[in-house]
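Okay, coords.txt now, which holds compact mmCIF, C-alpha atoms and all ligand atoms:
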```
# COMPACT_ATOMS: atom_id res chain seq x y z
CA MET C 65 0.00 0.00 0.00
CA HIS C 66 1.79 3.07 -1.19
CA LEU C 67 1.15 6.36 0.63
CA PRO C 68 3.33 8.75 -1.35
CA PHE C 69 3.24 12.07 0.46
CA CYS C 70 6.13 13.42 2.50
CA PRO C 71 6.46 16.60 4.53
CA TYR C 72 9.70 17.29 2.63
CA ILE C 73 11.68 15.50 -0.04
CA CYS C 74 15.01 13.89 0.82
CA PRO C 75 17.74 14.55 -1.75
CA TYR C 76 18.72 10.89 -2.22
CA CYS C 77 15.21 9.52 -2.71
CA ASP C 78 13.90 8.14 -5.98
CA PHE C 79 10.66 6.61 -4.70
CA ALA C 80 7.31 7.72 -6.08
CA LYS C 81 6.68 10.58 -3.67
CA TRP C 82 5.26 14.10 -3.57
CA PRO C 83 5.38 16.95 -1.08
CA LEU C 84 2.40 16.77 1.25
CA ARG C 85 -0.57 18.88 0.22
CA ALA C 86 -3.79 18.31 2.11
CA SER C 87 -6.03 18.46 -0.98
CA SER C 88 -4.01 15.93 -3.02
CA ALA C 89 -3.55 13.67 -0.01
CA ALA C 90 -7.33 13.57 0.56
CA ARG C 91 -8.07 12.91 -3.12
CA TYR C 92 -5.43 10.22 -3.21
CA LEU C 93 -7.04 8.39 -0.29
CA LYS C 94 -10.33 8.33 -2.15
CA ALA C 95 -8.57 6.87 -5.16
CA LEU C 96 -6.90 4.25 -2.99
CA TYR C 97 -10.23 3.27 -1.41
CA ALA C 98 -11.74 2.96 -4.88
CA GLU C 99 -8.90 0.68 -5.96
CA ILE C 100 -9.15 -1.47 -2.84
CA ASP C 101 -12.90 -1.71 -2.92
CA ARG C 102 -13.02 -3.12 -6.41
CA GLU C 103 -10.37 -5.75 -5.77
CA PRO C 104 -11.95 -9.19 -5.35
CA GLY C 105 -11.23 -10.10 -1.75
CA VAL C 106 -8.72 -12.91 -1.30
CA PRO C 107 -7.27 -14.04 2.00
CA ALA C 108 -3.99 -12.25 2.67
CA ALA C 109 -1.57 -12.89 5.52
CA THR C 110 0.20 -9.57 5.74
CA ALA C 111 -0.08 -5.93 4.75
CA PHE C 112 2.51 -3.19 4.57
CA LEU C 113 1.73 0.53 4.51
CA GLY C 114 4.80 2.09 2.97
CA GLY C 115 5.76 5.33 1.40
CA GLY C 116 6.33 8.05 1.04
CA THR C 117 5.49 8.74 4.63
CA PRO C 118 2.35 6.91 5.76
CA ASN C 119 2.14 8.87 9.00
CA ALA C 120 1.91 12.10 7.05
CA TYR C 121 -1.75 10.99 7.21
CA ASP C 122 -3.37 11.26 10.60
CA ALA C 123 -4.25 8.20 12.61
CA ALA C 124 -7.96 8.42 11.71
CA ASP C 125 -7.11 8.06 8.00
CA VAL C 126 -4.74 5.19 8.70
CA THR C 127 -7.46 3.49 10.77
CA GLU C 128 -9.99 3.87 7.97
CA LEU C 129 -7.53 2.50 5.42
CA VAL C 130 -6.61 -0.52 7.52
CA GLY C 131 -10.31 -1.15 8.19
CA ARG C 132 -10.98 -1.27 4.46
CA LEU C 133 -8.08 -3.64 3.92
CA ARG C 134 -9.32 -5.95 6.65
CA ALA C 135 -12.84 -5.87 5.26
CA ARG C 136 -11.48 -6.95 1.88
CA PHE C 137 -8.71 -9.36 2.82
CA GLY C 138 -9.59 -10.69 6.27
CA ASP C 139 -7.59 -10.48 9.46
CA PHE C 140 -3.91 -10.16 8.77
CA GLU C 141 -1.22 -11.86 10.81
CA GLU C 142 0.99 -8.83 10.44
CA ILE C 143 0.32 -5.24 9.43
CA SER C 144 3.35 -2.94 9.22
CA ILE C 145 3.47 0.80 8.86
CA GLU C 146 6.47 2.93 7.94
CA LEU C 147 6.92 6.02 10.05
CA ASN C 148 8.81 9.23 10.02
CA PRO C 149 9.84 9.85 13.66
CA GLU C 150 9.22 13.57 13.85
CA LEU C 151 5.60 13.27 12.73
CA ILE C 152 4.51 10.86 15.45
CA ARG C 153 1.73 12.19 17.69
CA PRO C 154 1.49 10.87 21.25
CA ASP C 155 -1.69 8.81 20.82
CA ASP C 156 -0.95 7.50 17.29
CA PHE C 157 0.27 4.12 18.40
CA GLU C 158 -2.73 3.31 20.60
CA ARG C 159 -4.89 4.09 17.61
CA TYR C 160 -2.74 1.99 15.30
CA ARG C 161 -2.97 -0.90 17.75
CA ALA C 162 -6.75 -0.56 17.88
CA ALA C 163 -6.80 -0.64 14.07
CA GLY C 164 -4.83 -3.92 14.05
CA ILE C 165 -1.35 -2.67 13.16
CA THR C 166 1.26 -5.02 14.63
CA ARG C 167 4.57 -3.67 13.42
CA LEU C 168 6.25 -0.26 13.24
CA SER C 169 9.06 0.43 10.79
CA ILE C 170 10.68 3.69 11.84
CA GLY C 171 12.81 5.57 9.29
CA VAL C 172 15.81 6.46 11.45
CA GLN C 173 18.75 6.30 9.00
CA SER C 174 21.19 7.66 11.60
CA PHE C 175 21.41 8.81 15.21
CA GLU C 176 24.03 11.40 14.29
CA ALA C 177 22.65 14.90 13.87
CA GLY C 178 25.15 15.78 11.10
CA GLU C 179 24.30 12.69 9.04
CA ILE C 180 20.57 13.20 9.52
CA GLU C 181 21.05 16.71 8.15
CA THR C 182 23.17 15.49 5.21
CA LEU C 183 20.36 13.11 4.33
CA GLY C 184 17.95 16.04 4.35
CA ARG C 185 15.91 14.56 7.19
CA LYS C 186 14.47 16.66 9.96
CA HIS C 187 14.16 14.44 12.99
CA THR C 188 16.34 14.45 16.08
CA PRO C 189 17.88 11.44 17.85
CA GLU C 190 15.56 12.17 20.80
CA GLN C 191 12.50 11.87 18.56
CA ILE C 192 13.66 8.41 17.52
CA GLU C 193 13.96 7.30 21.13
CA ARG C 194 10.60 8.80 21.97
CA ALA C 195 9.00 6.98 19.02
CA VAL C 196 10.32 3.63 20.20
CA ALA C 197 9.23 4.34 23.78
CA LEU C 198 5.73 5.30 22.64
CA GLY C 199 5.49 2.16 20.52
CA ARG C 200 6.49 0.00 23.47
CA ALA C 201 4.08 1.79 25.81
CA ALA C 202 1.24 1.19 23.35
CA GLY C 203 2.09 -2.53 23.23
CA VAL C 204 2.98 -2.71 19.54
CA PRO C 205 4.29 -6.27 19.16
CA SER C 206 7.20 -5.54 16.83
CA ILE C 207 9.30 -2.41 16.35
CA SER C 208 11.85 -2.07 13.57
CA ILE C 209 14.19 0.74 12.64
CA ASP C 210 16.02 1.46 9.38
CA LEU C 211 19.64 2.57 9.42
CA MET C 212 21.72 3.77 6.51
CA PHE C 213 25.44 3.39 5.97
CA ALA C 214 27.87 4.92 3.46
CA VAL C 215 26.32 8.34 4.04
CA PRO C 216 28.70 11.12 2.96
CA GLY C 217 30.60 12.33 6.02
CA GLN C 218 29.94 9.14 7.97
CA THR C 219 32.93 7.47 9.61
CA PRO C 220 33.37 4.00 11.07
CA ALA C 221 33.20 5.63 14.52
CA SER C 222 29.95 7.49 13.80
CA TRP C 223 28.42 4.37 12.24
CA ARG C 224 29.37 2.43 15.36
CA ARG C 225 27.66 5.03 17.54
CA SER C 226 24.44 4.72 15.52
CA LEU C 227 24.55 0.94 15.78
CA GLU C 228 25.16 1.14 19.52
CA ARG C 229 22.27 3.53 20.07
CA ALA C 230 20.01 1.27 18.03
CA ILE C 231 21.09 -1.75 20.06
CA ALA C 232 20.59 0.17 23.30
CA LEU C 233 16.97 0.79 22.27
CA ASP C 234 16.53 -2.97 22.11
CA VAL C 235 14.29 -2.81 19.06
CA ASP C 236 12.99 -6.11 17.69
CA HIS C 237 14.25 -5.68 14.16
CA LEU C 238 16.75 -3.59 12.21
CA SER C 239 17.22 -3.01 8.50
CA THR C 240 20.56 -1.60 7.35
CA TYR C 241 20.94 -0.26 3.83
CA GLY C 242 23.95 1.14 2.01
CA LEU C 243 23.20 4.50 0.44
CA THR C 244 22.57 4.18 -3.29
CA VAL C 245 23.04 7.19 -5.53
CA GLU C 246 19.99 7.14 -7.80
CA ALA C 247 19.97 8.86 -11.20
CA GLY C 248 17.94 12.03 -11.36
CA THR C 249 18.21 12.88 -7.66
CA PRO C 250 20.09 15.86 -6.14
CA TYR C 251 22.51 13.28 -4.74
CA ALA C 252 23.35 12.20 -8.30
CA ASP C 253 24.32 15.81 -9.10
CA TRP C 254 26.38 15.97 -5.93
CA HIS C 255 28.08 12.69 -6.81
CA ALA C 256 28.87 13.98 -10.31
CA ARG C 257 30.41 17.16 -8.85
CA GLN C 258 32.24 15.56 -5.95
CA PRO C 259 32.58 11.78 -6.21
CA SER C 260 35.17 11.77 -3.42
CA ALA C 261 32.44 12.67 -0.92
CA PHE C 262 30.93 9.20 -1.42
CA PHE C 263 32.09 5.81 -0.22
CA ASP C 264 33.75 3.34 -2.56
CA ASP C 265 32.77 -0.35 -2.46
CA THR C 266 35.58 -1.36 -0.12
CA ALA C 267 34.88 1.33 2.45
CA GLU C 268 31.14 0.59 2.25
CA ALA C 269 31.78 -3.14 2.76
CA GLU C 270 33.69 -2.30 5.95
CA LEU C 271 30.64 -0.55 7.37
CA TYR C 272 28.41 -3.45 6.39
CA ALA C 273 30.80 -5.84 8.15
CA MET C 274 30.65 -3.66 11.26
CA ALA C 275 26.86 -3.83 11.24
CA ILE C 276 26.88 -7.62 10.93
CA ASP C 277 29.38 -7.99 13.77
CA ALA C 278 27.67 -5.54 16.11
CA LEU C 279 24.14 -6.79 15.54
CA LYS C 280 24.98 -10.48 15.67
CA SER C 281 26.95 -9.92 18.89
CA ALA C 282 23.88 -8.19 20.30
CA GLY C 283 21.81 -11.32 19.60
CA TYR C 284 20.10 -10.37 16.35
CA GLU C 285 19.76 -13.01 13.66
CA HIS C 286 21.07 -11.86 10.29
CA TYR C 287 18.17 -13.42 8.44
CA GLU C 288 18.41 -11.52 5.18
CA ILE C 289 21.17 -9.50 3.53
CA SER C 290 19.89 -6.19 4.90
CA ASN C 291 17.78 -7.40 7.80
CA PHE C 292 18.36 -8.47 11.39
CA ALA C 293 15.77 -9.67 13.88
CA ARG C 294 15.25 -10.91 17.40
CA SER C 295 13.78 -14.39 17.46
CA GLY C 296 10.20 -14.36 16.16
CA HIS C 297 10.46 -10.82 14.72
CA ALA C 298 11.52 -11.45 11.12
CA CYS C 299 9.23 -9.47 8.80
CA LYS C 300 6.60 -11.88 7.45
CA HIS C 301 5.57 -9.51 4.70
CA ASN C 302 9.05 -9.32 3.20
CA ALA C 303 9.53 -13.07 3.67
CA ASN C 304 6.78 -13.54 1.10
CA TYR C 305 8.70 -11.42 -1.44
CA TRP C 306 11.84 -13.44 -0.92
CA ALA C 307 9.87 -16.67 -1.28
CA ASN C 308 8.68 -15.34 -4.67
CA GLY C 309 5.10 -15.44 -3.39
CA ASP C 310 2.18 -13.54 -4.87
CA TYR C 311 1.32 -10.08 -3.61
CA LEU C 312 -0.97 -7.23 -4.55
CA GLY C 313 0.04 -3.59 -4.71
CA PHE C 314 -2.21 -0.57 -4.29
CA GLY C 315 -1.45 3.03 -5.05
CA VAL C 316 0.68 5.10 -7.38
CA GLY C 317 3.85 3.27 -8.45
CA ALA C 318 2.82 0.18 -6.48
CA ALA C 319 4.24 -3.17 -7.59
CA ALA C 320 2.38 -6.48 -7.66
CA TYR C 321 3.23 -10.06 -8.51
CA ARG C 322 0.48 -12.49 -9.25
CA ASP C 323 0.34 -15.79 -11.13
CA GLY C 324 3.78 -15.16 -12.64
CA VAL C 325 2.95 -11.62 -13.81
CA ARG C 326 4.91 -8.75 -12.35
CA SER C 327 3.32 -5.34 -12.72
CA VAL C 328 3.98 -1.79 -11.63
CA HIS C 329 1.35 0.94 -11.55
CA THR C 330 1.96 4.27 -13.25
CA ARG C 331 4.18 6.67 -11.34
CA SER C 332 2.05 9.62 -12.47
CA LEU C 333 -0.02 10.77 -9.50
CA GLY C 334 -2.69 12.45 -11.62
CA THR C 335 -3.04 9.47 -13.95
CA TYR C 336 -3.35 7.08 -11.02
CA ILE C 337 -5.96 9.14 -9.19
CA GLU C 338 -8.10 9.72 -12.27
CA ALA C 339 -8.07 6.08 -13.33
CA ALA C 340 -8.92 4.83 -9.85
CA LEU C 341 -11.72 7.36 -9.29
CA GLU C 342 -13.19 6.72 -12.73
CA ASN C 343 -13.11 3.01 -12.06
CA ARG C 344 -10.79 2.33 -14.97
CA PRO C 345 -7.84 -0.09 -14.89
CA ILE C 346 -4.75 1.61 -13.45
CA PRO C 347 -2.22 2.09 -16.27
CA SER C 348 0.61 -0.30 -15.45
CA ASP C 349 3.64 -1.97 -16.97
CA ALA C 350 3.34 -5.72 -16.79
CA GLU C 351 5.67 -8.57 -17.62
CA ARG C 352 5.02 -12.29 -17.47
CA LEU C 353 7.91 -14.16 -15.92
CA GLU C 354 8.13 -17.68 -17.24
CA GLY C 355 10.40 -20.66 -17.24
CA ARG C 356 14.07 -19.89 -16.66
CA LYS C 357 13.48 -16.21 -16.05
CA ARG C 358 11.00 -16.93 -13.29
CA ALA C 359 13.34 -19.51 -11.79
CA GLY C 360 16.35 -17.15 -11.96
CA GLU C 361 14.40 -14.43 -10.15
CA ALA C 362 13.25 -16.91 -7.53
CA ILE C 363 16.84 -17.98 -6.87
CA MET C 364 17.97 -14.37 -6.65
CA LEU C 365 15.30 -13.61 -4.04
CA ALA C 366 15.86 -16.76 -2.00
CA LEU C 367 19.63 -16.24 -1.92
CA ARG C 368 19.04 -13.00 -0.05
CA THR C 369 17.84 -15.00 2.93
CA ALA C 370 19.87 -16.93 5.50
CA GLN C 371 18.13 -20.19 4.65
CA GLY C 372 18.85 -19.74 0.93
CA VAL C 373 17.29 -21.86 -1.81
CA GLY C 374 15.49 -25.03 -0.69
CA LEU C 375 16.52 -27.34 -3.52
CA GLY C 376 13.74 -29.93 -3.18
CA ASP C 377 11.06 -27.27 -2.86
CA PHE C 378 12.50 -25.43 -5.84
CA LYS C 379 12.34 -28.56 -7.99
CA ARG C 380 8.70 -29.05 -7.02
CA ARG C 381 7.73 -25.44 -7.75
CA TYR C 382 9.73 -24.75 -10.91
CA ASP C 383 10.64 -28.23 -12.14
CA ILE C 384 14.30 -27.26 -12.23
CA ASP C 385 17.19 -29.06 -10.58
CA VAL C 386 19.16 -25.98 -9.52
CA VAL C 387 22.50 -27.68 -8.99
CA ARG C 388 22.39 -29.47 -12.33
CA HIS C 389 20.81 -26.73 -14.42
CA TYR C 390 23.01 -23.93 -13.10
CA ALA C 391 26.09 -26.16 -12.70
CA PRO C 392 28.68 -23.68 -14.09
CA VAL C 393 27.38 -20.84 -11.90
CA VAL C 394 27.07 -23.03 -8.81
CA SER C 395 30.56 -24.45 -9.13
CA ARG C 396 32.16 -21.09 -9.94
CA PHE C 397 30.77 -19.37 -6.86
CA THR C 398 31.15 -22.42 -4.61
CA GLU C 399 34.83 -22.65 -5.53
CA ALA C 400 35.20 -18.92 -4.92
CA GLY C 401 33.79 -19.41 -1.41
CA LEU C 402 30.68 -17.32 -2.05
CA LEU C 403 28.10 -20.12 -2.15
CA GLU C 404 27.69 -23.17 0.07
CA ARG C 405 25.49 -26.22 -0.15
CA THR C 406 23.98 -28.78 2.11
CA GLU C 407 21.98 -31.68 0.76
CA ASP C 408 18.78 -29.67 0.35
CA CYS C 409 19.91 -26.08 0.48
CA MET C 410 22.13 -23.63 -1.35
CA ARG C 411 22.95 -20.30 0.22
CA LEU C 412 25.40 -17.44 0.26
CA THR C 413 28.35 -17.76 2.58
CA GLU C 414 29.14 -14.93 4.96
CA ARG C 415 31.58 -13.62 2.34
CA GLY C 416 29.04 -14.18 -0.42
CA ARG C 417 26.69 -11.70 1.24
CA PHE C 418 29.14 -8.94 0.40
CA LEU C 419 29.03 -9.86 -3.28
CA ALA C 420 25.39 -10.87 -3.43
CA ASN C 421 24.64 -8.76 -6.49
CA ASP C 422 27.30 -10.56 -8.52
CA VAL C 423 26.17 -14.01 -7.44
CA CYS C 424 22.45 -13.35 -7.82
CA GLY C 425 22.98 -11.58 -11.14
CA ALA C 426 24.73 -14.66 -12.54
CA PHE C 427 21.65 -16.81 -11.83
CA VAL C 428 19.27 -14.27 -13.34
CA THR C 429 21.24 -13.91 -16.58
CA PHE C 430 22.21 -17.58 -16.94
CA ASP C 431 20.69 -19.25 -19.99
S1 LIG C 501 10.70 10.47 3.63
FE1 LIG C 501 11.24 8.57 2.52
S2 LIG C 501 9.90 8.56 0.71
FE2 LIG C 501 9.85 10.65 1.57
S3 LIG C 501 11.37 11.75 0.40
FE3 LIG C 501 12.40 11.01 2.27
S4 LIG C 501 13.26 9.01 1.68
FE4 LIG C 501 11.78 9.58 0.11
```

I'd like the structure from this file rewritten - as structure tokens, please.
Ligand code: SF4
Amino acid sequence: MHLPFCPYICPYCDFAKWPLRASSAARYLKALYAEIDREPGVPAATAFLGGGTPNAYDAADVTELVGRLRARFGDFEEISIELNPELIRPDDFERYRAAGITRLSIGVQSFEAGEIETLGRKHTPEQIERAVALGRAAGVPSISIDLMFAVPGQTPASWRRSLERAIALDVDHLSTYGLTVEAGTPYADWHARQPSAFFDDTAEAELYAMAIDALKSAGYEHYEISNFARSGHACKHNANYWANGDYLGFGVGAAAYRDGVRSVHTRSLGTYIEAALENRPIPSDAERLEGRKRAGEAIMLALRTAQGVGLGDFKRRYDIDVVRHYAPVVSRFTEAGLLERTEDCMRLTERGRFLANDVCGAFVTFD
């Protein structure tokens, strides 16, 4: 569920997002309701309200939206909402709990004031701590924070301080992402002018290694390349993506995957709203993934996870013997120490996680 409005636009962001304006935000909600209401209800296990900044909407709107989702898709096991810490109002979390939300994903990025400013964000470290405390007090079952590394100006020492403050908060789940410079953003212009301000791959890998060490030592399971969780707090919604399961997407720019067809809604806000309100199909790009392509994508997704590719299950689902079919790729990366195998599983080694794009890319492009 994509809620695309933000109180300000961060200079590194290339998501489908727009500055918050009350009139467009209200019209967009109507469009979203129209899209949800015409979807034939199917049972769904999880929902994720992402953005954008979902809590740019007030809690009453979020409650209404979640109510409509539950009416259509039944009671979810997990409902997550992404949050911007400085927008949280004191009673939001009680209201989210009452609506059925079970998981908070707080966009922290850094606990260092200078890095937060470099990223164009406006929260303070104290607002992050307050957000977590309010979530706990409201009894939200699972609280996650996002942290970002390889931010210009960051140092190993400052990254360590952010990790330590996150660990001290004892959140249930952490996601850590390396900054990506996306074309067309102000950060891309900055990178073109001053590439030396940005981290190279080796320096970035050092920060990733620090995160793995610190979070594993603090008892978090490194269950996916970018994700760490206390026992029982892995994100169920994302687990479905990595298992190449079906999912629906609602809203501007939203992605869906259903019966082997991957689709992405238009990223034009006006086009989306008009189509939804006029009860027309939302203009989307769609691609059917079949045969090898579908299998290659499924391997790429599964390799992101700690359990890797279940070989027997894969054979049943895609009728492909991974080890035999991809033999040159499997042996190349196994010999290089990036892949490992047990009888029924193939996964990235600890070292392989640092070069996951290379390994996964080889499966996707293999013919
Ligand atoms: S708050 Fe998130 S979605 Fe909005 S501009 Fe910043 S990074 Fe992008």

Which protein, DNA or RNA residues have an atom within 9 Å of ligand LIG 501 (chain C), counting only C-alpha atoms and all ligand atoms, as an mmCIF file with C-alpha atoms, keeping the file's coordinate frame?
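part28.cif was written with the following content:
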```cif
data_model
loop_
_atom_site.group_PDB
_atom_site.id
_atom_site.type_symbol
_atom_site.label_atom_id
_atom_site.label_comp_id
_atom_site.auth_asym_id
_atom_site.auth_seq_id
_atom_site.Cartn_x
_atom_site.Cartn_y
_atom_site.Cartn_z
ATOM 1 C CA PRO C 68 3.330 8.750 -1.350
ATOM 2 C CA PHE C 69 3.240 12.070 0.460
ATOM 3 C CA CYS C 70 6.130 13.420 2.500
ATOM 4 C CA PRO C 71 6.460 16.600 4.530
ATOM 5 C CA TYR C 72 9.700 17.290 2.630
ATOM 6 C CA ILE C 73 11.680 15.500 -0.040
ATOM 7 C CA CYS C 74 15.010 13.890 0.820
ATOM 8 C CA PRO C 75 17.740 14.550 -1.750
ATOM 9 C CA TYR C 76 18.720 10.890 -2.220
ATOM 10 C CA CYS C 77 15.210 9.520 -2.710
ATOM 11 C CA ASP C 78 13.900 8.140 -5.980
ATOM 12 C CA PHE C 79 10.660 6.610 -4.700
ATOM 13 C CA ALA C 80 7.310 7.720 -6.080
ATOM 14 C CA LYS C 81 6.680 10.580 -3.670
ATOM 15 C CA TRP C 82 5.260 14.100 -3.570
ATOM 16 C CA PRO C 83 5.380 16.950 -1.080
ATOM 17 C CA GLY C 114 4.800 2.090 2.970
ATOM 18 C CA GLY C 115 5.760 5.330 1.400
ATOM 19 C CA GLY C 116 6.330 8.050 1.040
ATOM 20 C CA THR C 117 5.490 8.740 4.630
ATOM 21 C CA LEU C 147 6.920 6.020 10.050
ATOM 22 C CA ASN C 148 8.810 9.230 10.020
ATOM 23 C CA GLY C 171 12.810 5.570 9.290
ATOM 24 C CA LEU C 183 20.360 13.110 4.330
ATOM 25 C CA GLY C 184 17.950 16.040 4.350
ATOM 26 C CA ARG C 185 15.910 14.560 7.190
#
```

Query - Å distance separating atom CA of C:Gly425 from atom CA of C:Lys357, one decimal place - result: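 About the pair atom CA of C:Gly425 and atom CA of C:Lys357: they are 11.7 Å apart.
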
Requested in this report: May I ask which of the residues C:Glu270, C:Asp431, C:Asp377, C:Asp310 is the closest one to C:Gly355, counting all atoms listed in the file?
Outcome: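 Once distances to C:Gly355 are computed over all atoms listed in the file, the minimum belongs to C:Asp431.
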
Requested in this report: Would you mind listing what lies within 12 Å of C:Ala400 as a list in words, with all atoms listed in the file counted and same-chain residues fewer than 3 positions away left out?
Outcome: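 Contacts, in chain order: Val393, Val394, Ser395, Arg396, Phe397, Leu403, Glu404, Leu412, Thr413, Arg415, Gly416, Leu419 and Val423 of chain C.
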
Query raised in the report: Pick from C:Thr240, C:Thr249, C:Thr182, C:Ser144: nearest to C:Ile207, with all atoms listed in the file counted?
Result: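 Between C:Thr240, C:Thr249, C:Thr182, C:Ser144, the residue approaching C:Ile207 most closely is C:Ser144.
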
Query raised in the report: Looking at C:Glu141, C:Glu193, C:Glu146, C:Asp383, which one is nearest to C:Tyr121, with distances taken over all atoms listed in the file?
Result: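 Using all atoms listed in the file, the shortest distance to C:Tyr121 belongs to C:Glu146.
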
Query raised in the report: Could you pull the residues within 12 Å of C:Ala197, counting all atoms listed in the file, minus those fewer than 2 positions along the same chain, as a list in words?
Result: Pro149, Ile152, Pro154, Phe157, Leu168, Glu190, Gln191, Ile192, Glu193, Arg194, Ala195, Gly199, Arg200, Ala201, Ala202, Gly203, Val204, Ile207, Leu233, Asp234 and Val235 of chain C

Requested in this report: Using atom CA of C:Ala90 and atom CA of C:Tyr160 as the two end points, give the distance in Å to one decimal.
Outcome: 19.3 Å

Query raised in the report: Looking at C:Arg326, C:Arg136, C:Arg229, C:His66, which one is nearest to C:Ser348, with distances taken over all atoms listed in the file?
Result: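 Nearest candidate to C:Ser348 out of C:Arg326, C:Arg136, C:Arg229, C:His66: C:Arg326.
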
Report task. Name the residues, using the chain letters and numbers of the file, that sit within 10 Å of (19.0, -14.8, 20.7) when counting all atoms listed in the file, and give them as a ChimeraX atom specification. Result -> /C:280-285,293-296

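Each of C:Val172, C:Leu312, C:Ala426, C:Leu227 was checked against C:Leu133 using only C-alpha atoms; the smallest atom-to-atom distance is that of C:Leu312.
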
Report task. May I ask which of the residues C:Leu375, C:Thr429, C:Ile346, C:Tyr97 is the closest one to C:Arg388, counting only C-alpha atoms? Result -> C:Leu375

Query - Long-range neighbours of stretch 104-107 of chain C as a ChimeraX atom specification, 9 Å cut-off, all atoms listed in the file, 5 positions minimum in chain - result: /C:135-140
